[in-house]
Each structure stands twice: as structure tokens, then as C-alpha cells.
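The file coords32.txt contains compact mmCIF, C-alpha atoms:
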```
# COMPACT_ATOMS: atom_id res chain seq x y z
CA MET A 16 125.75 105.72 98.71
CA THR A 17 125.21 108.79 96.56
CA GLU A 18 121.71 109.77 95.52
CA GLN A 19 122.51 108.79 91.93
CA GLU A 20 123.79 105.35 93.00
CA LYS A 21 120.56 104.75 94.90
CA ARG A 22 118.47 105.82 91.92
CA ILE A 23 120.33 103.54 89.53
CA ARG A 24 120.05 100.58 91.90
CA ILE A 25 116.28 101.11 92.19
CA ALA A 26 115.79 101.55 88.44
CA ARG A 27 117.85 98.42 87.64
CA ARG A 28 115.83 96.31 90.04
CA ILE A 29 112.48 97.48 88.67
CA ALA A 30 113.68 96.82 85.12
CA LEU A 31 114.00 93.13 86.07
CA GLU A 32 110.21 93.06 86.51
CA LEU A 33 109.65 93.89 82.84
CA ARG A 34 108.46 91.13 80.53
CA ASP A 35 108.42 90.84 76.76
CA GLY A 36 105.30 92.52 75.38
CA HIS A 37 104.58 94.64 78.46
CA PHE A 38 102.96 98.03 78.00
CA VAL A 39 104.39 100.25 80.72
CA ASN A 40 103.99 103.83 81.93
CA LEU A 41 107.05 105.35 83.59
CA GLY A 42 106.55 108.45 85.71
CA ILE A 43 108.70 111.57 85.67
CA GLY A 44 112.10 111.49 87.42
CA LEU A 45 113.54 108.27 88.87
CA PRO A 46 111.01 105.97 87.09
CA THR A 47 112.18 107.31 83.70
CA LEU A 48 115.62 105.75 84.43
CA VAL A 49 114.05 102.27 84.27
CA ALA A 50 114.01 102.59 80.46
CA ASN A 51 117.83 102.51 80.47
CA TYR A 52 117.93 99.00 81.98
CA VAL A 53 115.37 97.00 79.99
CA PRO A 54 116.81 93.44 79.93
CA GLU A 55 118.25 92.37 76.61
CA GLY A 56 116.13 90.28 74.29
CA ILE A 57 112.74 91.62 75.36
CA GLU A 58 110.53 94.30 73.84
CA VAL A 59 108.67 96.63 76.18
CA VAL A 60 106.39 99.39 74.91
CA LEU A 61 106.46 102.62 76.90
CA GLN A 62 103.28 104.67 77.13
CA SER A 63 103.36 108.40 77.65
CA GLU A 64 100.01 109.76 78.81
CA ASN A 65 100.19 112.82 76.57
CA GLY A 66 99.32 110.43 73.76
CA MET A 67 102.05 108.07 72.62
CA LEU A 68 102.82 104.34 72.68
CA GLY A 69 106.35 103.30 71.80
CA VAL A 70 108.35 106.13 73.33
CA GLY A 71 111.91 106.06 72.01
CA PRO A 72 115.12 107.48 73.52
CA TYR A 73 115.99 111.16 73.61
CA PRO A 74 116.59 112.39 70.05
CA LEU A 75 120.06 112.92 68.61
CA GLU A 76 121.25 116.48 68.93
CA GLY A 77 119.71 118.54 66.15
CA GLU A 78 116.78 116.12 65.70
CA GLU A 79 114.60 117.50 68.49
CA ASP A 80 110.99 118.01 67.43
CA ALA A 81 108.73 120.37 69.42
CA ASP A 82 105.75 118.21 68.40
CA LEU A 83 107.29 115.10 69.96
CA ILE A 84 107.54 115.15 73.75
CA ASN A 85 106.87 112.85 76.70
CA ALA A 86 104.63 113.58 79.69
CA GLY A 87 107.60 115.26 81.39
CA LYS A 88 107.67 117.69 78.43
CA GLU A 89 111.09 116.33 77.38
CA THR A 90 111.89 115.85 73.70
CA VAL A 91 111.83 112.14 72.78
CA SER A 92 112.01 110.09 69.59
CA GLU A 93 109.78 107.71 67.67
CA LEU A 94 110.35 103.96 67.18
CA PRO A 95 109.18 101.63 64.40
CA GLY A 96 105.69 100.74 65.69
CA THR A 97 105.03 103.98 67.58
CA SER A 98 101.45 105.24 67.65
CA TYR A 99 99.86 108.56 68.64
CA PHE A 100 96.39 109.24 70.06
CA ASP A 101 94.52 111.98 71.88
CA SER A 102 94.49 112.50 75.65
CA ALA A 103 91.02 111.01 76.18
CA SER A 104 92.06 107.81 74.36
CA SER A 105 95.28 107.77 76.34
CA PHE A 106 93.44 107.80 79.65
CA ALA A 107 90.85 105.36 78.35
CA MET A 108 93.66 102.84 77.87
CA ILE A 109 94.97 103.67 81.35
CA ARG A 110 91.58 103.64 83.09
CA GLY A 111 90.53 100.57 81.13
CA GLY A 112 93.28 98.56 82.82
CA HIS A 113 95.35 97.97 79.70
CA ILE A 114 98.62 99.23 81.20
CA GLU A 115 100.39 96.23 82.74
CA MET A 116 102.71 98.19 84.91
CA ALA A 117 103.08 101.78 86.08
CA VAL A 118 106.17 103.01 87.87
CA MET A 119 105.95 106.17 89.91
CA GLY A 120 107.90 108.07 92.52
CA GLY A 121 106.56 108.35 96.05
CA MET A 122 106.73 110.73 98.98
CA GLU A 123 104.86 108.48 101.41
CA VAL A 124 103.46 104.96 101.21
CA ALA A 125 101.29 103.49 103.97
CA GLU A 126 101.19 99.86 105.03
CA ASN A 127 97.71 99.48 103.45
CA GLY A 128 99.05 100.65 100.07
CA ASP A 129 97.91 104.29 100.29
CA LEU A 130 100.13 106.60 98.28
CA ALA A 131 100.93 110.30 98.63
CA ASN A 132 103.06 111.82 95.90
CA TRP A 133 101.39 114.89 94.43
CA ILE A 134 101.71 117.70 96.97
CA VAL A 135 105.18 118.76 98.06
CA PRO A 136 104.99 119.81 101.71
CA GLY A 137 105.27 123.57 102.16
CA LYS A 138 105.08 124.29 98.43
CA ILE A 139 102.14 125.56 96.42
CA ILE A 140 99.89 122.90 94.89
CA LYS A 141 100.88 122.32 91.27
CA GLY A 142 98.35 119.68 90.35
CA MET A 143 98.19 115.93 90.10
CA GLY A 144 98.53 115.61 86.33
CA GLY A 145 97.78 112.01 85.38
CA ALA A 146 98.96 110.45 88.65
CA MET A 147 95.54 109.80 90.21
CA ASP A 148 94.25 108.05 87.09
CA LEU A 149 97.39 105.93 86.74
CA VAL A 150 97.55 104.77 90.35
CA ALA A 151 93.85 103.92 90.42
CA THR A 152 93.92 101.66 87.40
CA ALA A 153 97.37 100.33 86.46
CA ARG A 154 97.35 96.55 86.85
CA GLN A 155 100.58 96.68 88.87
CA LEU A 156 101.76 99.85 90.56
CA TYR A 157 105.47 100.00 91.45
CA ILE A 158 106.75 102.83 93.62
CA ALA A 159 110.39 103.69 92.98
CA MET A 160 111.72 105.87 95.77
CA GLU A 161 114.55 106.43 98.18
CA HIS A 162 113.83 104.69 101.44
CA THR A 163 113.89 107.84 103.58
CA THR A 164 113.55 111.59 103.11
CA ARG A 165 116.65 113.78 102.74
CA ALA A 166 116.33 114.45 106.46
CA GLY A 167 116.46 110.68 107.08
CA LYS A 168 112.78 110.33 108.03
CA PRO A 169 110.88 107.15 107.03
CA LYS A 170 108.64 107.30 103.96
CA ILE A 171 107.03 103.89 104.46
CA LEU A 172 104.53 104.67 107.20
CA HIS A 173 101.57 103.34 109.17
CA ARG A 174 99.47 106.08 107.59
CA CYS A 175 100.28 108.80 105.09
CA ASN A 176 100.36 112.34 106.46
CA LEU A 177 100.32 114.13 103.11
CA PRO A 178 97.21 114.42 100.91
CA LEU A 179 96.64 111.11 99.12
CA THR A 180 97.05 110.33 95.44
CA GLY A 181 95.24 107.01 95.80
CA VAL A 182 93.85 104.68 98.47
CA GLY A 183 95.22 101.14 98.73
CA VAL A 184 96.80 101.37 95.27
CA VAL A 185 100.46 100.37 95.75
CA ASP A 186 101.48 96.81 94.91
CA THR A 187 105.26 96.97 95.17
CA ILE A 188 107.87 99.36 96.57
CA VAL A 189 111.51 99.33 95.52
CA THR A 190 114.08 101.37 97.46
CA GLU A 191 117.86 101.25 97.76
CA MET A 192 117.32 98.99 100.80
CA GLY A 193 115.07 96.36 99.30
CA PHE A 194 112.05 95.08 97.42
CA PHE A 195 108.75 95.22 99.28
CA ARG A 196 105.30 93.80 98.51
CA VAL A 197 102.11 95.34 99.91
CA THR A 198 99.86 92.49 101.12
CA PRO A 199 96.60 92.37 103.10
CA GLN A 200 98.73 91.42 106.14
CA GLY A 201 101.11 94.36 105.73
CA ILE A 202 104.35 95.17 103.97
CA VAL A 203 106.53 92.15 103.27
CA ILE A 204 110.24 92.58 102.58
CA GLU A 205 111.08 90.00 99.91
CA GLU A 206 114.57 91.12 98.95
CA ILE A 207 117.19 93.00 100.93
CA ALA A 208 120.18 94.89 99.58
CA ARG A 209 123.43 93.21 100.62
CA ASP A 210 124.69 96.34 102.37
CA PHE A 211 121.78 96.43 104.84
CA THR A 212 120.51 94.18 107.61
CA PRO A 213 116.78 93.59 108.27
CA GLU A 214 117.20 95.55 111.54
CA GLN A 215 118.62 98.55 109.67
CA VAL A 216 115.77 98.46 107.16
CA GLN A 217 113.17 98.27 109.94
CA ALA A 218 114.84 101.16 111.76
CA ALA A 219 114.40 103.29 108.63
CA THR A 220 110.75 102.23 108.25
CA GLU A 221 107.79 103.34 110.38
CA ALA A 222 105.47 100.55 109.22
CA MET A 223 106.11 97.13 110.81
CA LEU A 224 107.80 95.01 108.16
CA ILE A 225 107.02 91.34 107.72
CA VAL A 226 110.21 89.48 106.76
CA SER A 227 109.49 86.95 104.05
CA PRO A 228 110.53 83.39 104.93
CA GLN A 229 112.13 83.37 101.47
CA LEU A 230 114.01 86.65 102.02
CA ARG A 231 116.77 86.87 99.41
CA PRO A 232 119.48 89.33 98.42
CA MET A 233 118.33 92.09 96.06
CA PRO A 234 119.81 91.52 92.59
CA GLY A 235 122.34 94.17 91.62
CA THR A 236 123.56 94.72 95.19
CA MET B 23 80.83 125.57 52.46
CA ASP B 24 83.93 127.48 53.47
CA LYS B 25 84.81 127.83 57.16
CA THR B 26 88.07 129.58 56.44
CA VAL B 27 88.54 132.85 58.31
CA ALA B 28 91.12 135.33 57.04
CA SER B 29 92.95 135.91 60.32
CA ALA B 30 93.23 134.66 63.88
CA ALA B 31 92.03 138.09 65.05
CA ALA B 32 88.85 137.79 62.97
CA ALA B 33 88.31 134.22 64.17
CA VAL B 34 88.25 135.15 67.89
CA ALA B 35 86.67 138.63 67.58
CA ASP B 36 83.26 137.57 69.00
CA ILE B 37 84.64 135.89 72.13
CA PRO B 38 83.08 138.07 74.87
CA ASN B 39 84.29 139.06 78.32
CA GLY B 40 83.49 136.27 80.78
CA ALA B 41 83.55 133.50 78.17
CA THR B 42 84.60 129.93 78.96
CA VAL B 43 87.33 128.92 76.53
CA MET B 44 89.05 125.56 76.05
CA ILE B 45 92.60 125.77 74.75
CA GLY B 46 94.36 122.69 73.38
CA GLY B 47 97.93 121.69 74.09
CA PHE B 48 100.06 119.75 76.56
CA GLY B 49 102.44 122.28 78.06
CA LEU B 50 103.55 124.34 75.10
CA CYS B 51 103.22 121.38 72.69
CA GLY B 52 100.30 121.60 70.28
CA ASN B 53 99.24 125.08 71.38
CA PRO B 54 97.08 127.22 69.07
CA GLU B 55 99.73 129.95 69.15
CA ASN B 56 98.05 132.33 66.71
CA LEU B 57 94.64 132.09 68.39
CA ILE B 58 96.11 132.55 71.90
CA THR B 59 97.94 135.67 70.74
CA ALA B 60 94.78 136.97 69.07
CA LEU B 61 92.71 136.40 72.22
CA PHE B 62 95.40 138.13 74.29
CA GLU B 63 95.44 141.11 71.92
CA LEU B 64 91.64 141.26 71.93
CA GLY B 65 92.01 142.09 75.62
CA ARG B 66 88.90 140.26 76.88
CA ARG B 67 88.71 139.79 80.62
CA ASN B 68 87.13 137.52 83.25
CA LEU B 69 87.79 134.50 81.06
CA THR B 70 87.51 130.95 82.36
CA ILE B 71 90.22 128.94 80.64
CA ILE B 72 90.04 125.15 80.44
CA SER B 73 93.48 123.86 79.49
CA ASN B 74 95.72 121.08 80.77
CA ASN B 75 98.43 123.56 81.78
CA ALA B 76 98.78 127.30 82.18
CA GLY B 77 101.68 127.93 79.81
CA THR B 78 104.92 129.35 81.15
CA ASP B 79 105.65 132.87 82.40
CA HIS B 80 106.31 134.21 78.92
CA GLU B 81 104.63 131.71 76.61
CA GLY B 82 101.16 130.52 75.75
CA ILE B 83 98.33 131.00 78.23
CA GLY B 84 100.87 132.45 80.69
CA VAL B 85 100.81 135.70 78.74
CA MET B 86 97.05 136.09 79.31
CA LEU B 87 97.49 135.21 82.97
CA ALA B 88 100.13 137.90 83.38
CA ALA B 89 97.81 140.43 81.75
CA GLY B 90 95.07 139.62 84.29
CA GLN B 91 92.60 138.43 81.65
CA ILE B 92 91.85 135.11 83.33
CA LYS B 93 89.42 134.78 86.22
CA LYS B 94 89.53 131.01 86.56
CA MET B 95 91.72 128.17 85.30
CA ILE B 96 90.59 124.55 85.11
CA SER B 97 93.73 122.44 84.64
CA THR B 98 95.59 119.33 85.76
CA TYR B 99 99.14 120.57 86.26
CA VAL B 100 100.41 124.14 86.51
CA GLY B 101 103.95 123.64 87.74
CA GLU B 102 105.85 125.67 85.15
CA ASN B 103 104.40 129.07 85.86
CA ALA B 104 105.48 131.48 88.64
CA ILE B 105 102.85 134.06 87.69
CA PHE B 106 100.18 131.41 88.13
CA GLU B 107 101.51 130.66 91.63
CA GLU B 108 101.50 134.31 92.58
CA LYS B 109 97.96 134.96 91.34
CA ALA B 110 96.59 131.74 92.83
CA ARG B 111 98.21 132.55 96.17
CA SER B 112 96.79 136.09 96.26
CA GLY B 113 93.31 134.79 95.42
CA GLU B 114 93.17 136.87 92.24
CA LEU B 115 92.94 133.67 90.21
CA GLU B 116 90.42 130.94 90.92
CA THR B 117 91.77 127.45 90.19
CA GLU B 118 90.31 123.99 89.80
CA LEU B 119 92.79 121.12 89.51
CA LEU B 120 91.62 117.75 88.23
CA PRO B 121 93.16 114.35 87.52
CA GLN B 122 94.22 114.45 83.88
CA GLY B 123 92.15 111.45 82.81
CA THR B 124 89.08 112.88 84.54
CA PHE B 125 89.72 116.22 82.84
CA ALA B 126 90.01 114.56 79.40
CA GLU B 127 86.97 112.35 79.93
CA ARG B 128 84.78 115.21 81.19
CA ILE B 129 85.54 117.01 77.95
CA ARG B 130 85.00 113.88 75.86
CA ALA B 131 81.69 113.24 77.67
CA ALA B 132 80.49 116.77 76.86
CA GLY B 133 81.25 116.24 73.18
CA ALA B 134 79.52 112.86 73.23
CA GLY B 135 76.39 114.03 75.06
CA ILE B 136 77.03 112.14 78.27
CA PRO B 137 76.22 114.34 81.29
CA ALA B 138 78.15 112.30 83.89
CA PHE B 139 80.25 109.18 84.31
CA PHE B 140 81.96 107.20 87.08
CA THR B 141 85.73 106.90 87.47
CA PRO B 142 87.99 105.33 90.11
CA ALA B 143 90.52 108.20 89.84
CA GLY B 144 90.58 110.37 92.95
CA VAL B 145 88.46 108.15 95.22
CA GLY B 146 89.50 108.82 98.84
CA THR B 147 91.40 112.01 97.92
CA VAL B 148 90.60 115.74 98.00
CA VAL B 149 89.25 115.37 94.45
CA ALA B 150 86.34 113.33 95.85
CA GLU B 151 85.17 116.02 98.28
CA GLY B 152 81.52 116.87 97.72
CA LYS B 153 81.13 114.38 94.87
CA GLU B 154 78.71 111.49 94.67
CA THR B 155 80.24 108.00 94.88
CA ARG B 156 78.74 104.69 93.91
CA GLU B 157 79.83 101.08 94.10
CA PHE B 158 79.92 98.94 90.97
CA ASP B 159 80.97 95.28 91.17
CA GLY B 160 82.57 95.81 94.57
CA ARG B 161 84.61 98.93 93.78
CA VAL B 162 83.88 102.56 94.64
CA TYR B 163 83.76 105.14 91.83
CA LEU B 164 83.37 108.92 91.73
CA MET B 165 80.75 110.65 89.66
CA GLU B 166 82.17 113.34 87.40
CA ARG B 167 80.19 115.65 85.14
CA TRP B 168 80.73 116.73 81.59
CA LEU B 169 82.80 119.85 80.97
CA LYS B 170 81.67 122.21 78.21
CA ALA B 171 82.88 125.51 76.86
CA ASP B 172 81.60 128.44 74.83
CA PHE B 173 84.64 128.34 72.56
CA ALA B 174 87.44 125.86 71.89
CA LEU B 175 90.74 127.02 70.39
CA VAL B 176 92.55 124.05 68.90
CA LYS B 177 95.73 123.45 66.95
CA ALA B 178 95.93 120.89 64.15
CA PHE B 179 98.63 120.16 61.61
CA ARG B 180 96.61 120.16 58.41
CA GLY B 181 93.03 121.05 57.60
CA ASP B 182 90.66 121.85 54.75
CA ARG B 183 87.95 124.50 54.27
CA TRP B 184 85.27 122.08 55.51
CA GLY B 185 87.11 121.87 58.85
CA ASN B 186 88.54 118.36 58.65
CA LEU B 187 91.72 118.12 60.73
CA THR B 188 94.79 115.94 61.09
CA TYR B 189 97.45 116.23 63.77
CA ARG B 190 101.15 115.69 64.10
CA LYS B 191 102.78 113.42 66.73
CA THR B 192 102.15 114.35 70.40
CA ALA B 193 100.90 117.81 69.39
CA ARG B 194 97.52 116.06 69.09
CA ASN B 195 96.93 115.71 72.88
CA PHE B 196 93.75 117.52 74.04
CA ASN B 197 92.97 119.20 70.71
CA PRO B 198 90.63 116.56 69.22
CA VAL B 199 88.47 116.16 72.36
CA MET B 200 88.24 119.89 72.97
CA ALA B 201 87.13 120.35 69.37
CA THR B 202 84.00 118.32 70.23
CA ALA B 203 83.00 120.06 73.45
CA ALA B 204 82.40 123.75 72.68
CA HIS B 205 79.59 125.73 71.07
CA VAL B 206 82.12 127.24 68.67
CA THR B 207 85.33 125.43 67.76
CA ILE B 208 88.06 127.47 66.11
CA ALA B 209 90.97 125.55 64.62
CA GLU B 210 94.30 126.82 63.40
CA VAL B 211 96.46 124.75 61.08
CA GLU B 212 99.96 124.85 59.66
CA GLU B 213 98.73 123.85 56.21
CA LEU B 214 95.33 124.52 54.67
CA LEU B 215 94.64 122.09 51.82
CA PRO B 216 91.91 122.02 49.19
CA PRO B 217 89.05 119.56 49.84
CA GLY B 218 90.32 116.10 49.08
CA GLY B 219 93.83 117.12 50.04
CA LEU B 220 93.63 115.16 53.30
CA ASP B 221 93.62 111.37 53.26
CA ALA B 222 90.03 110.58 54.31
CA ASP B 223 91.18 107.56 56.34
CA SER B 224 93.60 109.70 58.35
CA ILE B 225 91.25 112.50 59.41
CA VAL B 226 91.12 112.61 63.22
CA THR B 227 88.66 115.47 63.69
CA PRO B 228 85.86 115.28 61.15
CA ALA B 229 84.56 118.61 59.84
CA ILE B 230 81.30 118.46 61.82
CA TYR B 231 83.10 119.60 64.99
CA VAL B 232 84.87 122.61 63.51
CA HIS B 233 83.19 125.98 62.91
CA ARG B 234 86.09 128.20 61.84
CA ILE B 235 89.51 127.41 60.46
CA VAL B 236 92.52 129.71 60.20
CA LEU B 237 95.86 129.23 58.51
CA GLY B 238 98.44 129.90 61.22
CA ALA B 239 101.74 131.65 60.64
CA GLY B 240 105.07 132.21 62.33
CA TYR B 241 105.00 129.13 64.58
CA ARG B 242 107.55 129.39 67.37
CA LYS B 243 106.95 125.97 68.99
CA PRO B 244 109.06 126.51 72.09
CA ILE B 245 110.54 123.37 73.68
CA GLU B 246 110.18 123.26 77.47
CA ARG B 247 112.80 120.58 78.15
CA ARG B 248 115.29 119.97 75.39
CA THR B 249 116.71 116.50 76.07
CA VAL B 250 119.11 114.86 73.60
CA ARG B 251 121.51 111.95 73.41
CA LYS B 252 124.96 111.84 71.88
CA GLY B 253 125.23 110.19 68.45
```
Written as C-alpha cells, that's how I'd like the structure from this file.
Amino acid sequence: MTEQEKRIRIARRIALELRDGHFVNLGIGLPTLVANYVPEGIEVVLQSENGMLGVGPYPLEGEEDADLINAGKETVSELPGTSYFDSASSFAMIRGGHIEMAVMGGMEVAENGDLANWIVPGKIIKGMGGAMDLVATARQLYIAMEHTTRAGKPKILHRCNLPLTGVGVVDTIVTEMGFFRVTPQGIVIEEIARDFTPEQVQAATEAMLIVSPQLRPMPGT
Amino acid sequence: MDKTVASAAAAVADIPNGATVMIGGFGLCGNPENLITALFELGRRNLTIISNNAGTDHEGIGVMLAAGQIKKMISTYVGENAIFEEKARSGELETELLPQGTFAERIRAAGAGIPAFFTPAGVGTVVAEGKETREFDGRVYLMERWLKADFALVKAFRGDRWGNLTYRKTARNFNPVMATAAHVTIAEVEELLPPGGLDADSIVTPAIYVHRIVLGAGYRKPIERRTVRKG
């Protein structure tokens, strides 16, 4: 599987979690792809923490507006119903628990739901941006990430090694191998991609996986 | 009452060496370009800058960084700036990185007269080191203090001579909260209207928060990531 194929598979699966009327924050990178696969017939409102609800697609060429960007500093467009607000109001709605679902990338997730995703190993610290606020208070936190590092090392671990973004914050992990729920008992694999066996998934995972009695194939695989 | 100042240079002239200055903007979006340039040209040093980002190597706050005018930066994300990296690595620049919501709320709290508040962001991370925690209704929260400045440089879209301000799209970002949290707030606008020219229901920053207002000129508004779709 190419990297892009993995990313699309993950984004498509997370998009199936969206419900009509959801207010959702998508992180930079892979999570942004989820917007391309919103199921037909539902309306989802995307929040961008720099102060916008109702983020539209990238603008048509020639219609870019320097005053209209998303949190990744990309030019975006407005939709009928869009609203703007200042950064303190934006994080008040995040911290106040009004965001139904946040999707974020991950470098490491631990079996207790700890997340590390803000310091790249070996690189200078660039800052956490809004990640710590979002993970602490989104009602449901989905981590969209490739199952292993480029070097093939597991990213779902007993304990995170990197500096944490949040403690016990992850609800769900989606990788190219499957759909995983973080529970008080540990990480449960609920769906498995058709091109992997449970043994292969476990071999790529440091944390001990609990196989759901209702284990089913991951849609889109 | 007329808070209009003739030029950006005149508006920032009394900012001293060693001042703490908030600067609005998210990346290069909603930056007070004229005021940043004026502060750079004024050549003050040992400044503490409170701003979400540090500009880029050749734009915004990055220009002041390159000139060695900044002693300390309080920010949330500084990933677009190689000069920042270099100066932070060498120890020439002191840095404090905060979760963005904590950063925004500390500024809001200062403007609202609230010395401290509790937030769940950063609990159990490096951000919590040395900070008081407290449990409310079974969950642990971090105590964070207000964040004030001597001056705030903000960018609005339209304003009037009283200092009422409106903003445009996501260029609003940190500008309205920063306008509330400094001893002296200096605003620059793209259009300066006569009193009554702004729709009273649409004013975001009421005049009480603004001390000086300047009509900006020559906006460059650089785009950091130009992303488009095909028609």
C-alpha cells in the first residue's frame, strides 16, 4: 500500500463516523482529508481554531483571500452559514465541550489513551498550537495515523516515549490496519482491514490488543 | 475625542526598550503590518513579544527577530521560522510556548480583570510543570495566570476616530482579545470612517479598549499556503 492509499483509507473510515449536525475540528495533514469523504445527505460544520465555523473547500484559483485561512494557514472559502469569531471565543467553544469530534494525527498512542503528537523526535520544538486544548476537551477524540512509523516501529504502545500532548484523552484510533477503541480494559480492535490478519495487526502493535467478539471487516477495505 | 494618530511611526514612538508588546495575527493573517514595520524601524531592543506565531524569516515579527530586537517570545507555534530556531537554539532568544487556548484565555482574563483560571489543557504534560493543579468535580485542572502587556498592536478592518473596530474574516483571530489586555492599545485599520460610519451592532472591539488608531497603507497580506481547487 502506498502512503497515500493508507491515508485515504483512514480518512474514508473516519468520515463514516460523521453525523448530520456535527461540529467537527479536523487537524492539519491527514485529518484534513476527512472533509473530502463526508457521506452524502448530511451536513457537518467544520471548525477551524483560528476563528471560523463552516470552513468551505479551497477557493477557486484567483479567489484566494489572505484574510481567509484555516488553522494550517491554507487559503479556504466561506459557506452559506459560516461565522467568524476571535481566538478566545474559539477556544471557549473547544474547552467548553461544544466540539463533538476532533480528528488529529498521532505519533504515539498508549493503551491508556495517552497521546504524543507535538514534538518531532530529534527536531527543535515548534510548539503545540491548539492541540493540547483540543485533546483535553473534544467530546470524542479520533486519532488518524499510519499504524507504524516509516521505519516500521509500532506507534500504539504500552506507554508513550515522547512528551505527551494529553493524558488519557484518546477515544478512537483509525489506521490502515483497523479501527480501535480505547477502553478502561485496554485497546479493543473492533474492525480489521481485509488485507490483514489479527496476528499481523498485533505484530505491528506494542500494546496488547483485545479482539472484539464482534470483530468485523473495516468498511472500504 | 479623536484617537487618530497621523502615522504608524508616531503611534509607536513611545514604546521603550524592554517593553512587553502583544501583536495580533495568526501566522501572517491579520498582522498589523504598518505597526510592526514602524516598531522595527524604531529599533527598540530587549522586547518581549506576545504573539501566536513568530512570523516567517522575511515577514512580520520575523524581521524584528532577525534584527535581534526581541529578547523573549511568548507564542503557541513557531514552526515557520528558521531564524527563530537558530536564535532559540543558541540561547539568544528566550521562548515560552503555551497551548493556544491557554494563551488566548490568559490574554482574555487580563482584559477582563481575572488574575487566574483553571483549564484542563496541558494537565500531565510539560506545560503543567511548576503550576498549581486542583480537582473540580473529579477532574484535574491547571491554574494559569492572566497575561498582560504594556502595548498591544492590533489590526482591524475598519475603525473610527473613537477607536471602535470591526474585523474581516479570519484576520480577526487574536486582535480583539489583545486589544483588551494592554496598558496602551494601538490599532491600525484599512479604512477609517467618520463616527457613525460603522454599524453599531457589528462593532467587535468597542472604543473603550483602543487608545490610538492609525490608517494603514500599502497592505501586502502575504499568503503562507496558497491552496486552490480547479473550477
Practice task
Name the closest residue to Leu83 (chain A) among the candidates B:Gly77, B:Gly82, B:Gly238, B:Gly49; distances are taken between atoms, counting only C-alpha atoms.
Solution key: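 Closest to Leu83 (chain A) of all the choices is B:Gly49.
Nearest to chain B of all the residues A:Asp35, A:Glu123, A:Glu89, A:Asp210 is A:Glu89, based on only C-alpha atoms.
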Exercise for the section: Please report as an MDAnalysis selection string which residues of chain A come no farther than 9 Å from chain B, using all atoms listed in the file. Expected result: chainID A and resid 64:67 72:91 98:107 109:110 139:152 178:182
Problem - Distance of CA of Thr164 (chain A) from CA of Thr187 (chain A), expressed in Å to one decimal place - result: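 Computing the Euclidean distance for CA of Thr187 (chain A) and CA of Thr164 (chain A) yields 18.6 Å.
For Val197 (chain A), the non-local neighbours within 10 Å, defined as residues at least 6 positions apart in the same chain or in other chains and counting only C-alpha atoms, are Val124, Ala125, Glu126, Asn127, Gly128, Asp129, Gly183, Val184, Val185, Asp186, Thr187, Ile188, Val203 and Ile204 of chain A.
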Problem - Residue among A:Thr220, A:Asn40, A:Asn132, A:Thr97 lying closest to Gly167 (chain A), counting all atoms listed in the file - result: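 Distance minimum relative to Gly167 (chain A) lands on A:Thr220.
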12 Å contact set for Val226 (chain A), all atoms listed in the file, chain neighbours under 3 positions out, as a PDB file with C-alpha atoms, keeping the file's coordinate frame:
```pdb
ATOM      1  CA  GLY A 193     115.070  96.360  99.300  1.00  0.00           C
ATOM      2  CA  PHE A 194     112.050  95.080  97.420  1.00  0.00           C
ATOM      3  CA  PHE A 195     108.750  95.220  99.280  1.00  0.00           C
ATOM      4  CA  ARG A 196     105.300  93.800  98.510  1.00  0.00           C
ATOM      5  CA  GLN A 200      98.730  91.420 106.140  1.00  0.00           C
ATOM      6  CA  GLY A 201     101.110  94.360 105.730  1.00  0.00           C
ATOM      7  CA  ILE A 202     104.350  95.170 103.970  1.00  0.00           C
ATOM      8  CA  VAL A 203     106.530  92.150 103.270  1.00  0.00           C
ATOM      9  CA  ILE A 204     110.240  92.580 102.580  1.00  0.00           C
ATOM     10  CA  GLU A 205     111.080  90.000  99.910  1.00  0.00           C
ATOM     11  CA  GLU A 206     114.570  91.120  98.950  1.00  0.00           C
ATOM     12  CA  ILE A 207     117.190  93.000 100.930  1.00  0.00           C
ATOM     13  CA  THR A 212     120.510  94.180 107.610  1.00  0.00           C
ATOM     14  CA  PRO A 213     116.780  93.590 108.270  1.00  0.00           C
ATOM     15  CA  GLU A 214     117.200  95.550 111.540  1.00  0.00           C
ATOM     16  CA  VAL A 216     115.770  98.460 107.160  1.00  0.00           C
ATOM     17  CA  GLN A 217     113.170  98.270 109.940  1.00  0.00           C
ATOM     18  CA  MET A 223     106.110  97.130 110.810  1.00  0.00           C
ATOM     19  CA  GLN A 229     112.130  83.370 101.470  1.00  0.00           C
ATOM     20  CA  LEU A 230     114.010  86.650 102.020  1.00  0.00           C
ATOM     21  CA  ARG A 231     116.770  86.870  99.410  1.00  0.00           C
TER      22      ARG A 231
END
```
Problem - Shortest interatomic distance to Phe38 (chain A) - which of A:Gly56, A:Val70, A:Gln19, A:Met116, counting all atoms listed in the file - result: A:Met116
Missing atoms in region 153-165 of chain B should be modelled up to N, CA and C atoms and reported as a compact mmCIF listing (two decimals), in the frame of the given file.
```txt
# COMPACT_ATOMS: atom_id res chain seq x y z
N LYS B 153 81.63 115.08 96.06
CA LYS B 153 81.13 114.38 94.87
C LYS B 153 80.43 113.08 95.26
N GLU B 154 79.45 112.72 94.46
CA GLU B 154 78.71 111.49 94.67
C GLU B 154 79.60 110.28 94.36
N THR B 155 79.51 109.25 95.19
CA THR B 155 80.24 108.00 94.88
C THR B 155 79.22 106.87 94.76
N ARG B 156 79.62 105.84 94.08
CA ARG B 156 78.74 104.69 93.91
C ARG B 156 79.59 103.45 93.71
N GLU B 157 79.07 102.33 94.22
CA GLU B 157 79.83 101.08 94.10
C GLU B 157 79.32 100.28 92.91
N PHE B 158 80.25 99.83 92.09
CA PHE B 158 79.92 98.94 90.97
C PHE B 158 80.80 97.70 91.09
N ASP B 159 80.22 96.54 91.10
CA ASP B 159 80.97 95.28 91.17
C ASP B 159 82.05 95.32 92.26
N GLY B 160 81.68 95.88 93.41
CA GLY B 160 82.57 95.81 94.57
C GLY B 160 83.63 96.90 94.64
N ARG B 161 83.62 97.85 93.71
CA ARG B 161 84.61 98.93 93.78
C ARG B 161 83.91 100.29 93.78
N VAL B 162 84.49 101.24 94.52
CA VAL B 162 83.88 102.56 94.64
C VAL B 162 84.38 103.48 93.52
N TYR B 163 83.45 104.21 92.93
CA TYR B 163 83.76 105.14 91.83
C TYR B 163 83.18 106.51 92.15
N LEU B 164 83.82 107.53 91.57
CA LEU B 164 83.37 108.92 91.73
C LEU B 164 82.55 109.35 90.54
N MET B 165 81.50 110.11 90.80
CA MET B 165 80.75 110.65 89.66
C MET B 165 81.36 111.98 89.23
```
